[in-house]
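Asks: A single structure is presented below for examination.
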Amino acid sequence: MTAELSAEDAKLVTLARASRARTRAAEGAAVRDTDGRTYAACTVQLDTVLLSALQLAIAMAVSSGVKGIEAAAVVTDSLDVDVEVVRYFGGAALPVVVANGNGEVRDVVHT
């Protein structure tokens, strides 16, 4: 699927790709809050802790005092993307762009 993204959503994909590439993580994610600020993170997988990139990006936003999320993006090779944390914090019908490692958009799912 090739989707035309707004400049703001394309930025989320770029941030997610960069976050993933820095650590060679399984996933990279970025979220935009309702004030337009962005937060990027990658998967954290330790012996005792496993956080998806989306979970960590939302946690970073929440720890910064964010009141709401406007959109998110995930860069992953996995076909299964769990957007529950975005739905839980941001509500229903929020767009989550899903892209592969090259930044090619595979899907835009809504919470």
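Note on naming: chains are A, B, ... as they come in the structure tokens, residues start from 1 per chain, ligands start from 1 in the order shown.
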Could you give me the residues within chain A that DSSP places in alpha helix (DSSP H), as a PyMOL selection string?
Replies: chain A and resi 7-23+53-63+84-90
Asks: May I have the residues within 10 Å of Ser64 of chain A as a list in words, using only C-alpha atoms and disregarding those fewer than 5 positions away in the same chain?
Replies: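 The filter keeps Tyr39, Ile58 and Ala59 of chain A.
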Asks: Dump N, CA and C atoms for the selected residues as a PDB file, in the first residue's frame?
Replies:
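Final output, selection-v1.pdb:
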ATOM      1  N   TYR A  39       7.494  12.466  20.046  1.00  0.00           N
ATOM      2  CA  TYR A  39       8.271  11.603  20.925  1.00  0.00           C
ATOM      3  C   TYR A  39       8.588  10.339  20.143  1.00  0.00           C
ATOM      4  N   ILE A  58       4.666   6.302  23.951  1.00  0.00           N
ATOM      5  CA  ILE A  58       3.530   6.817  24.739  1.00  0.00           C
ATOM      6  C   ILE A  58       3.989   7.119  26.163  1.00  0.00           C
ATOM      7  N   ALA A  59       4.776   6.229  26.760  1.00  0.00           N
ATOM      8  CA  ALA A  59       5.269   6.460  28.118  1.00  0.00           C
ATOM      9  C   ALA A  59       6.106   7.735  28.189  1.00  0.00           C
TER      10      ALA A  59
END
Asks: Excluding same-chain residues fewer than 3 positions from segment 11-25 of chain A, what lies within 12 Å of it counting only C-alpha atoms, as an MDAnalysis selection string?
Replies: chainID A and resid 5:8 28:33 36:46 50:54 56:57 70:77 95:106 108
Asks: To one decimal place in Å, what is the distance between atom CA of Gly68 of chain A and atom CA of Gly90 of chain A?
Replies: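 A separation of 5.5 Å between them.
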Asks: So which one's closest to Val66 of chain A, A:Gly91, A:Thr34, A:Leu79, A:Glu4? Using only C-alpha atoms, please.
Replies: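 Answer, going by the shortest atom-to-atom distance: A:Thr34.
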Asks: How far is it from atom CA of Glu27 of chain A to atom CA of Ser78 of chain A, in Å with one decimal?
Replies: 8.5 Å
Asks: Check chain A with DSSP on the backbone and list each residue it calls strand (DSSP E), as a PyMOL selection string.
Replies: chain A and resi 27-33+38-42+44-45+50-51+69-76+95-99+105-110
Asks: With N, CA and C atoms kept, could you save the residues just selected as a short mmCIF file (atom, residue, chain, number, x, y, z; two decimals), in the first residue's frame?
Replies:
data_model
loop_
_atom_site.label_atom_id
_atom_site.label_comp_id
_atom_site.auth_asym_id
_atom_site.auth_seq_id
_atom_site.Cartn_x
_atom_site.Cartn_y
_atom_site.Cartn_z
N GLU A 27 11.59 -2.57 16.36
CA GLU A 27 10.60 -1.54 15.97
C GLU A 27 11.11 -0.16 16.35
N GLY A 28 10.62 0.82 15.63
CA GLY A 28 10.77 2.21 16.01
C GLY A 28 9.38 2.81 15.97
N ALA A 29 9.11 3.76 16.81
CA ALA A 29 7.79 4.40 16.82
C ALA A 29 7.95 5.87 17.15
N ALA A 30 6.96 6.63 16.74
CA ALA A 30 6.90 8.05 17.10
C ALA A 30 5.45 8.43 17.27
N VAL A 31 5.19 9.31 18.21
CA VAL A 31 3.84 9.81 18.44
C VAL A 31 3.87 11.34 18.44
N ARG A 32 2.75 11.93 18.05
CA ARG A 32 2.59 13.39 18.08
C ARG A 32 1.48 13.71 19.07
N ASP A 33 1.78 14.61 19.99
CA ASP A 33 0.76 14.97 20.97
C ASP A 33 -0.17 16.05 20.41
N THR A 38 6.61 15.88 19.33
CA THR A 38 6.80 14.49 18.96
C THR A 38 7.72 13.78 19.94
N TYR A 39 7.49 12.47 20.05
CA TYR A 39 8.27 11.60 20.92
C TYR A 39 8.59 10.34 20.14
N ALA A 40 9.86 9.94 20.12
CA ALA A 40 10.27 8.76 19.36
C ALA A 40 10.95 7.78 20.30
N ALA A 41 10.77 6.49 20.00
CA ALA A 41 11.36 5.44 20.83
C ALA A 41 11.55 4.19 19.99
N CYS A 42 12.28 3.25 20.57
CA CYS A 42 12.46 1.95 19.92
C CYS A 42 12.08 0.85 20.90
N VAL A 44 12.38 -1.97 23.51
CA VAL A 44 13.32 -2.29 24.58
C VAL A 44 13.08 -3.75 24.95
N GLN A 45 14.11 -4.56 24.76
CA GLN A 45 13.98 -5.98 25.06
C GLN A 45 15.16 -6.42 25.91
N LEU A 50 10.17 -6.00 28.54
CA LEU A 50 9.88 -5.95 27.11
C LEU A 50 8.85 -4.86 26.89
N LEU A 51 9.26 -3.82 26.17
CA LEU A 51 8.36 -2.72 25.82
C LEU A 51 8.39 -2.54 24.32
N ILE A 69 -2.89 12.35 22.52
CA ILE A 69 -2.12 11.95 21.35
C ILE A 69 -2.96 12.21 20.11
N GLU A 70 -2.31 12.70 19.07
CA GLU A 70 -2.98 13.03 17.81
C GLU A 70 -2.75 11.97 16.73
N ALA A 71 -1.55 11.38 16.69
CA ALA A 71 -1.21 10.39 15.67
C ALA A 71 0.04 9.64 16.10
N ALA A 72 0.28 8.50 15.43
CA ALA A 72 1.46 7.69 15.73
C ALA A 72 1.94 7.00 14.46
N ALA A 73 3.18 6.55 14.51
CA ALA A 73 3.74 5.77 13.41
C ALA A 73 4.63 4.68 14.01
N VAL A 74 4.63 3.53 13.34
CA VAL A 74 5.48 2.41 13.74
C VAL A 74 6.23 1.92 12.52
N VAL A 75 7.52 1.72 12.68
CA VAL A 75 8.34 1.13 11.62
C VAL A 75 8.76 -0.24 12.11
N THR A 76 8.35 -1.25 11.37
CA THR A 76 8.60 -2.63 11.78
C THR A 76 8.51 -3.55 10.58
N PRO A 95 -5.12 7.77 13.91
CA PRO A 95 -4.36 7.07 12.88
C PRO A 95 -3.00 6.61 13.39
N VAL A 96 -2.66 5.37 13.02
CA VAL A 96 -1.33 4.82 13.30
C VAL A 96 -0.77 4.35 11.97
N VAL A 97 0.25 5.03 11.49
CA VAL A 97 0.90 4.68 10.23
C VAL A 97 1.84 3.52 10.49
N VAL A 98 1.73 2.47 9.69
CA VAL A 98 2.61 1.31 9.81
C VAL A 98 3.47 1.26 8.56
N ALA A 99 4.80 1.32 8.77
CA ALA A 99 5.73 1.34 7.64
C ALA A 99 6.78 0.25 7.82
N VAL A 105 5.04 2.99 3.49
CA VAL A 105 3.83 2.80 4.27
C VAL A 105 3.12 1.52 3.81
N ARG A 106 2.87 0.63 4.77
CA ARG A 106 2.13 -0.61 4.49
C ARG A 106 0.64 -0.45 4.78
N ASP A 107 0.34 0.39 5.78
CA ASP A 107 -1.06 0.51 6.21
C ASP A 107 -1.19 1.73 7.11
N VAL A 108 -2.39 2.22 7.21
CA VAL A 108 -2.75 3.21 8.22
C VAL A 108 -3.94 2.61 8.95
N VAL A 109 -3.71 2.21 10.20
CA VAL A 109 -4.77 1.62 11.00
C VAL A 109 -5.29 2.68 11.95
N HIS A 110 -6.51 2.51 12.39
CA HIS A 110 -7.10 3.45 13.34
C HIS A 110 -7.42 2.72 14.63
#
Asks: Atom CA of Ala61 of chain A and atom CA of Leu94 of chain A are how many Å apart?
Replies: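 Those two atoms sit 15.7 Å apart.
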